[in-house]
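Chemist: To be precise about what I am sending: the file is called query.txt and holds compact mmCIF, C-alpha atoms and all ligand atoms.
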# COMPACT_ATOMS: atom_id res chain seq x y z
CA MET A 11 1.67 -72.40 26.06
CA THR A 12 3.28 -75.79 26.71
CA ASN A 13 5.30 -77.52 23.99
CA GLU A 14 2.52 -80.09 23.70
CA GLU A 15 -0.04 -77.35 23.02
CA LYS A 16 2.31 -75.78 20.50
CA ILE A 17 2.69 -79.12 18.70
CA LYS A 18 -1.12 -79.38 18.46
CA GLN A 19 -1.29 -75.84 17.13
CA ALA A 20 1.41 -76.63 14.56
CA ALA A 21 -0.57 -79.71 13.44
CA GLU A 22 -3.68 -77.54 13.07
CA ILE A 23 -1.83 -74.97 10.93
CA ILE A 24 -0.14 -77.64 8.81
CA SER A 25 -3.40 -79.59 8.29
CA LYS A 26 -4.84 -76.56 6.45
CA ALA A 27 -1.71 -75.82 4.41
CA LYS A 28 -1.62 -76.51 0.68
CA HIS A 29 2.00 -75.55 -0.04
CA ILE A 30 4.39 -76.44 2.77
CA VAL A 31 8.12 -75.81 2.45
CA GLY A 32 10.72 -77.35 4.77
CA PHE A 33 13.98 -75.47 5.31
CA THR A 34 16.56 -77.75 6.90
CA GLY A 35 20.02 -77.51 8.44
CA ALA A 36 22.58 -79.70 10.15
CA GLY A 37 20.28 -80.37 13.16
CA THR A 38 17.85 -82.25 10.89
CA SER A 39 20.53 -84.89 10.28
CA ALA A 40 21.95 -84.96 13.83
CA GLU A 41 19.72 -87.92 14.76
CA SER A 42 21.06 -89.78 11.71
CA GLY A 43 24.48 -89.64 13.39
CA ILE A 44 26.08 -86.86 11.33
CA PRO A 45 28.16 -84.52 13.50
CA PRO A 46 27.81 -80.75 13.15
CA PHE A 47 30.60 -78.76 11.53
CA ARG A 48 30.91 -76.26 14.39
CA GLY A 49 30.51 -76.38 18.19
CA GLU A 50 30.83 -79.43 20.41
CA GLY A 51 31.89 -82.53 18.48
CA GLY A 52 32.12 -80.42 15.30
CA ILE A 53 34.53 -81.55 12.60
CA TRP A 54 36.21 -78.14 12.33
CA ASN A 55 37.56 -78.61 15.87
CA LYS A 56 39.70 -81.39 14.44
CA TYR A 57 40.35 -80.28 10.86
CA ASP A 58 41.27 -76.97 9.26
CA PRO A 59 38.22 -75.58 7.39
CA ASN A 60 40.67 -74.16 4.82
CA SER A 61 40.80 -77.64 3.29
CA LEU A 62 37.36 -76.78 1.93
CA ASP A 63 38.42 -73.49 0.37
CA ILE A 64 38.14 -73.66 -3.41
CA ASP A 65 41.47 -71.87 -4.03
CA PHE A 66 43.19 -74.22 -1.59
CA TYR A 67 41.66 -77.21 -3.40
CA TYR A 68 43.20 -76.04 -6.69
CA SER A 69 46.57 -75.00 -5.23
CA HIS A 70 47.11 -77.80 -2.66
CA THR A 71 44.91 -80.47 -4.19
CA LYS A 72 46.56 -83.55 -2.66
CA ASP A 73 46.55 -82.15 0.91
CA SER A 74 43.00 -80.90 0.56
CA TRP A 75 41.68 -84.14 -0.97
CA LYS A 76 43.27 -86.23 1.82
CA ILE A 77 41.21 -84.36 4.42
CA ILE A 78 38.03 -84.27 2.33
CA ARG A 79 38.21 -88.02 1.79
CA GLU A 80 38.73 -88.68 5.48
CA VAL A 81 36.07 -86.25 6.73
CA PHE A 82 33.33 -86.91 4.22
CA TYR A 83 33.84 -90.20 2.44
CA ASN A 84 35.59 -92.48 4.98
CA PHE A 85 33.12 -91.35 7.67
CA PHE A 86 30.07 -92.05 5.52
CA ASN A 87 31.40 -95.36 4.23
CA ASN A 88 32.27 -96.55 7.73
CA ASN A 89 28.99 -95.56 9.37
CA GLU A 90 25.52 -96.59 8.42
CA ILE A 91 23.92 -93.20 7.75
CA LYS A 92 20.19 -93.35 7.06
CA PRO A 93 17.29 -90.87 7.02
CA ASN A 94 15.73 -90.45 10.46
CA PRO A 95 11.99 -90.19 11.26
CA GLY A 96 12.09 -86.40 10.67
CA HIS A 97 13.32 -86.83 7.09
CA LYS A 98 10.67 -89.49 6.51
CA VAL A 99 7.79 -87.22 7.57
CA LEU A 100 8.90 -84.54 5.06
CA ALA A 101 8.96 -87.18 2.31
CA LYS A 102 5.50 -88.44 3.35
CA TRP A 103 4.00 -84.95 3.22
CA GLU A 104 5.35 -84.47 -0.30
CA GLN A 105 3.87 -87.82 -1.38
CA GLU A 106 0.56 -86.70 0.14
CA GLY A 107 0.66 -83.63 -2.11
CA ARG A 108 1.04 -80.99 0.61
CA LEU A 109 4.76 -80.31 0.77
CA SER A 110 6.02 -78.52 -2.34
CA ALA A 111 9.76 -78.47 -1.60
CA VAL A 112 12.55 -79.06 0.82
CA ILE A 113 15.25 -76.39 0.81
CA THR A 114 18.27 -77.89 2.49
CA GLN A 115 21.63 -76.54 3.57
CA ASN A 116 22.74 -80.13 4.17
CA ILE A 117 24.95 -81.93 1.68
CA ASP A 118 24.25 -85.46 2.94
CA ASP A 119 21.58 -86.48 0.36
CA LEU A 120 19.27 -87.78 3.14
CA HIS A 121 16.11 -85.96 1.95
CA THR A 122 16.43 -87.60 -1.47
CA VAL A 123 17.19 -90.99 0.09
CA ALA A 124 14.08 -90.54 2.28
CA GLY A 125 12.00 -90.05 -0.88
CA ASN A 126 11.62 -86.28 -1.38
CA LYS A 127 11.62 -85.37 -5.10
CA THR A 128 11.78 -81.57 -5.02
CA VAL A 129 14.91 -80.84 -3.00
CA TYR A 130 16.78 -77.57 -3.45
CA GLU A 131 20.33 -78.39 -2.40
CA PHE A 132 21.51 -74.93 -1.46
CA HIS A 133 25.06 -76.11 -0.76
CA GLY A 134 25.19 -78.97 -3.25
CA ASN A 135 25.45 -82.69 -2.53
CA MET A 136 28.38 -84.87 -1.46
CA ALA A 137 26.82 -87.93 -3.08
CA ARG A 138 27.92 -86.58 -6.47
CA PHE A 139 31.25 -85.53 -7.96
CA VAL A 140 31.69 -83.03 -10.75
CA CYS A 141 34.58 -82.64 -13.19
CA THR A 142 36.11 -79.18 -12.83
CA HIS A 143 37.07 -79.31 -16.51
CA CYS A 144 34.18 -80.77 -18.55
CA GLY A 145 31.38 -80.61 -15.95
CA LYS A 146 30.53 -84.33 -16.12
CA LYS A 147 28.85 -85.55 -12.93
CA TYR A 148 29.41 -88.92 -11.23
CA PRO A 149 27.54 -90.63 -8.38
CA ALA A 150 30.13 -90.89 -5.57
CA LYS A 151 29.34 -94.57 -5.04
CA GLU A 152 30.47 -95.36 -8.60
CA LEU A 153 33.96 -93.98 -7.92
CA GLN A 154 36.76 -95.86 -6.19
CA LEU A 155 38.15 -92.66 -4.62
CA THR A 156 41.50 -94.32 -4.01
CA GLU A 157 43.36 -92.00 -6.40
CA ASN A 158 44.59 -88.70 -4.89
CA PRO A 159 43.13 -86.53 -6.33
CA PRO A 160 40.31 -88.27 -8.26
CA HIS A 161 40.12 -87.65 -12.01
CA CYS A 162 37.37 -87.59 -14.62
CA GLU A 163 37.20 -90.79 -16.67
CA ALA A 164 35.97 -88.84 -19.69
CA CYS A 165 38.51 -85.99 -19.97
CA GLY A 166 41.10 -86.56 -17.20
CA GLY A 167 40.13 -83.29 -15.47
CA LEU A 168 40.20 -82.85 -11.69
CA LEU A 169 37.06 -84.06 -9.90
CA LYS A 170 35.62 -82.30 -6.88
CA PRO A 171 32.72 -83.20 -4.61
CA ASP A 172 29.57 -81.50 -5.95
CA PHE A 173 29.04 -79.45 -2.81
CA ILE A 174 29.91 -75.81 -2.29
CA PHE A 175 33.43 -75.07 -1.11
CA PHE A 176 34.22 -71.81 0.67
CA GLY A 177 34.59 -69.19 -2.06
CA GLU A 178 32.09 -70.80 -4.46
CA GLY A 179 28.66 -69.50 -5.48
CA ILE A 180 25.30 -71.11 -4.73
CA PRO A 181 24.07 -73.39 -7.56
CA GLU A 182 21.67 -71.28 -9.66
CA LYS A 183 18.84 -73.79 -9.84
CA ALA A 184 18.83 -74.26 -6.07
CA TYR A 185 19.09 -70.53 -5.43
CA TYR A 186 16.23 -69.42 -7.66
CA GLY A 187 14.14 -72.52 -6.92
CA SER A 188 14.42 -71.83 -3.18
CA ILE A 189 13.32 -68.22 -3.59
CA GLU A 190 10.35 -69.25 -5.71
CA ALA A 191 9.33 -71.96 -3.24
CA ALA A 192 9.61 -69.51 -0.32
CA GLU A 193 7.52 -66.92 -2.16
CA ASN A 194 4.74 -69.37 -2.95
CA CYS A 195 4.25 -71.37 0.25
CA ASP A 196 1.64 -70.90 2.95
CA VAL A 197 3.58 -72.66 5.73
CA PHE A 198 7.37 -72.55 6.00
CA ILE A 199 9.00 -74.88 8.53
CA ILE A 200 12.52 -74.04 9.70
CA ILE A 201 14.20 -77.20 11.02
CA GLY A 202 17.52 -77.63 12.81
CA THR A 203 19.41 -74.60 11.59
CA SER A 204 21.10 -71.84 13.57
CA GLY A 205 20.53 -69.34 10.72
CA GLN A 206 24.12 -68.16 10.78
CA VAL A 207 25.18 -69.19 7.28
CA GLY A 208 24.39 -66.79 4.43
CA PRO A 209 22.99 -66.37 1.88
CA ALA A 210 20.84 -69.41 2.81
CA ASN A 211 19.73 -67.64 5.98
CA MET A 212 17.80 -65.00 4.02
CA ILE A 213 15.35 -67.54 2.55
CA PRO A 214 12.99 -67.77 5.59
CA GLY A 215 12.58 -63.96 5.56
CA ILE A 216 11.32 -64.18 1.96
CA ALA A 217 8.62 -66.65 3.01
CA LYS A 218 7.62 -64.37 5.88
CA GLN A 219 7.42 -61.31 3.60
CA HIS A 220 5.12 -63.24 1.29
CA GLY A 221 2.71 -64.09 4.09
CA ALA A 222 3.71 -67.66 5.07
CA LYS A 223 3.27 -68.85 8.64
CA ILE A 224 6.69 -69.65 10.07
CA ILE A 225 7.01 -72.73 12.27
CA GLU A 226 10.42 -73.51 13.74
CA ILE A 227 11.77 -76.74 15.26
CA ASN A 228 15.10 -76.49 17.07
CA MET A 229 16.90 -77.61 20.21
CA GLN A 230 17.65 -73.99 21.07
CA PRO A 231 16.56 -70.59 19.78
CA SER A 232 18.12 -69.51 16.47
CA THR A 233 18.58 -66.14 14.75
CA TYR A 234 14.98 -66.51 13.53
CA THR A 235 13.19 -67.40 16.76
CA ASN A 236 12.56 -63.92 18.15
CA TYR A 237 12.25 -62.21 14.77
CA ILE A 238 10.21 -64.07 12.20
CA THR A 239 9.12 -67.33 13.84
CA ASP A 240 5.38 -67.50 14.58
CA LEU A 241 5.46 -70.82 16.42
CA TYR A 242 8.65 -72.17 18.02
CA LEU A 243 8.79 -75.85 18.98
CA GLU A 244 11.74 -76.82 21.12
CA GLY A 245 13.11 -80.35 20.76
CA LYS A 246 14.49 -82.87 18.31
CA SER A 247 13.13 -82.76 14.77
CA GLY A 248 13.25 -86.58 14.59
CA GLU A 249 10.71 -86.65 17.43
CA ILE A 250 8.64 -83.50 16.89
CA LEU A 251 7.90 -84.02 13.18
CA PRO A 252 6.56 -87.58 13.67
CA THR A 253 4.44 -86.35 16.61
CA ILE A 254 2.96 -83.59 14.46
CA ASP A 255 2.34 -86.12 11.69
CA THR A 256 0.21 -88.33 13.94
CA LEU A 257 -2.07 -85.29 14.58
CA ILE A 258 -2.43 -84.20 10.94
CA GLU A 259 -5.88 -84.28 9.34
CA TRP A 260 -5.49 -82.81 5.84
CA ARG A 261 -8.24 -80.37 4.92
P1 LIG B 1 24.43 -75.28 12.61
O1 LIG B 1 25.42 -76.34 13.03
O2 LIG B 1 24.88 -73.87 12.57
O3 LIG B 1 23.16 -75.36 13.55
C1 LIG B 1 22.52 -76.59 13.81
C2 LIG B 1 21.22 -76.28 14.51
O4 LIG B 1 20.51 -77.48 14.69
C3 LIG B 1 21.39 -75.63 15.87
O5 LIG B 1 20.52 -74.51 15.95
C4 LIG B 1 20.97 -76.74 16.85
O6 LIG B 1 20.33 -76.23 17.99
C5 LIG B 1 19.99 -77.53 16.00
N1 LIG B 1 19.85 -78.95 16.34
C6 LIG B 1 20.79 -79.82 16.73
N2 LIG B 1 20.27 -81.05 16.87
C7 LIG B 1 18.96 -80.96 16.52
C8 LIG B 1 17.89 -81.88 16.42
N3 LIG B 1 18.06 -83.19 16.71
N4 LIG B 1 16.68 -81.42 16.03
C9 LIG B 1 16.49 -80.11 15.73
N5 LIG B 1 17.47 -79.19 15.79
C10 LIG B 1 18.69 -79.61 16.17
O7 LIG B 1 23.85 -75.80 11.22
P2 LIG B 1 23.36 -75.00 9.95
O8 LIG B 1 22.54 -73.84 10.35
O9 LIG B 1 22.78 -76.03 9.03
O10 LIG B 1 24.69 -74.42 9.31
C11 LIG B 1 25.84 -75.25 9.20
C12 LIG B 1 26.36 -75.39 7.77
O11 LIG B 1 27.15 -76.58 7.75
C13 LIG B 1 25.31 -75.56 6.73
O12 LIG B 1 25.66 -74.74 5.69
C14 LIG B 1 25.40 -77.02 6.27
O13 LIG B 1 25.58 -77.08 4.87
C15 LIG B 1 26.68 -77.53 6.81
N6 LIG B 1 26.54 -78.86 7.47
C16 LIG B 1 25.90 -79.88 6.83
C17 LIG B 1 25.76 -81.11 7.43
C18 LIG B 1 25.03 -82.20 6.72
O14 LIG B 1 24.99 -82.22 5.49
N7 LIG B 1 24.41 -83.13 7.44
C19 LIG B 1 26.29 -81.33 8.71
C20 LIG B 1 26.96 -80.29 9.32
C21 LIG B 1 27.07 -79.05 8.70
Can the structure from this file be put into structure tokens for me?

Modeler:
Amino acid sequence: MTNEEKIKQAAEIISKAKHIVGFTGAGTSAESGIPPFRGEGGIWNKYDPNSLDIDFYYSHTKDSWKIIREVFYNFFNNNEIKPNPGHKVLAKWEQEGRLSAVITQNIDDLHTVAGNKTVYEFHGNMARFVCTHCGKKYPAKELQLTENPPHCEACGGLLKPDFIFFGEGIPEKAYYGSIEAAENCDVFIIIGTSGQVGPANMIPGIAKQHGAKIIEINMQPSTYTNYITDLYLEGKSGEILPTIDTLIEWR
């Protein structure tokens, strides 16, 4: 089957679906200009990933914060990062009542900015900060972030970005919400993830076990492709999702 035929088949399957779930990884945001963490052009080629270890953050806070600010906050403030056409299609399908959730491994907030309301942020979200002492949350854009390290205005405690550092657990709401969404969907679309990061990588298998059709969009085969994927579409999600969308006739 050609890729074009597969795209038509995907549109046919999705048109009949009542509960679609999107499962996204770094590749979904690549066309928004966000570099991957690993591989060519990945940020961990330049920086030590230990700066994102939770114990290191507490023990060497100033060193760790310097790198975090440079990698995550200077980059995002200096570049205009916006949802790409792939993000927008997922938001449109939710507004049309067919997509029940996006489960994302990304921390870039782009699904919410695109308009999705039910987003399970498996690894948290860099657009928020949380106080490690009192738990108060702050939108990142309301903080100056000039102080090293940043502190909570309410209690003076140490702030940290509200995404998961190495050594931290998955946020409970996102974890259980993702499992429930995977168990209750009829079509599960894996988008732009290599499937190498656990425990997030076990979520697609749950959808499969509960009878969902698994569609995958990726630039190259992932750990899922030859195991659980029913229909593999090779290419960029920012191009393939909009093409599928033009062929959708909801039934
Ligand atoms: P990964 O880097 O392991 O894999 C990315 C996948 O996306 C690859 O399979 C690649 O072939 C595919 N890809 C690249 N460009 C694509 C495109 N335009 N369209 C479709 N697919 C494309 O990413 P991962 O599996 O998400 O795991 C990396 C971890 O790093 C995740 O936990 C994530 O939290 C984190 N991360 C997040 C961001 C972000 O928030 N934007 C960016 C980098 C890494």

Chemist: Which of these, A:Gln230, A:Asn87, A:Gln105, A:Thr235, has the shortest distance to ligand LIG 1 (chain B) once you count all atoms listed in the file?

Modeler: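 Checking each of A:Gln230, A:Asn87, A:Gln105, A:Thr235 against ligand LIG 1 (chain B), counting all atoms listed in the file, the winner is A:Gln230.
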
Chemist: Could you tell me how far atom CA of A:Ala111 lies from atom CA of A:Gly52, in Å and to one decimal?

Modeler: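 We find that atom CA of A:Ala111 and atom CA of A:Gly52 lie 28.1 Å from each other.
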
Chemist: Which distance in Å separates atom CA of A:Asn194 and atom CA of A:Asn228, to one decimal?

Modeler: 23.6 Å

Chemist: Using all atoms listed in the file, what are the residues with an atom within 7 Å of ligand LIG 1 (chain B), set out as a PyMOL selection string?

Modeler: chain A and resi 34-41+44-48+115-118+133+201-207+227-232+245-248

Chemist: Point out the residue among A:Gly208, A:Lys170, A:Glu226, A:Gln154 with the least atom-to-atom distance to A:Leu243, counting all atoms listed in the file.

Modeler: A:Glu226

Chemist: So, with only C-alpha atoms as the atoms that count, which of A:Asn126, A:Ala164, A:Asp58, A:Asn84 lies closest to A:Lys151?

Modeler: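 When distances to A:Lys151 are compared using only C-alpha atoms, the smallest one comes from A:Asn84.
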
Chemist: Which residues, written as a PyMOL selection string, have at least one atom at most 12 Å from A:Ala192, with only C-alpha atoms counted and residues fewer than 4 positions away on the same chain left out?

Modeler: chain A and resi 29-33+109-113+130+184-188+196-200+210+212-224

Chemist: Nearest residue to A:Ser61 out of A:Ala20, A:Leu155, A:Ile77, A:Leu120, using all atoms listed in the file?

Modeler: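 Among A:Ala20, A:Leu155, A:Ile77, A:Leu120, it is A:Ile77 that comes nearest to A:Ser61.
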
Chemist: May I have the residues within 12 Å of A:His161 as an NGL selection string, using only C-alpha atoms and disregarding those fewer than 5 positions away in the same chain?

Modeler: :A and (71 or 75 or 139-148 or 153-156 or 166-171)

Chemist: Hey, can you check how far atom CA of A:Thr256 sits from atom CA of A:Arg108?

Modeler: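 Going from atom CA of A:Thr256 over to atom CA of A:Arg108, I get 15.2 Å.
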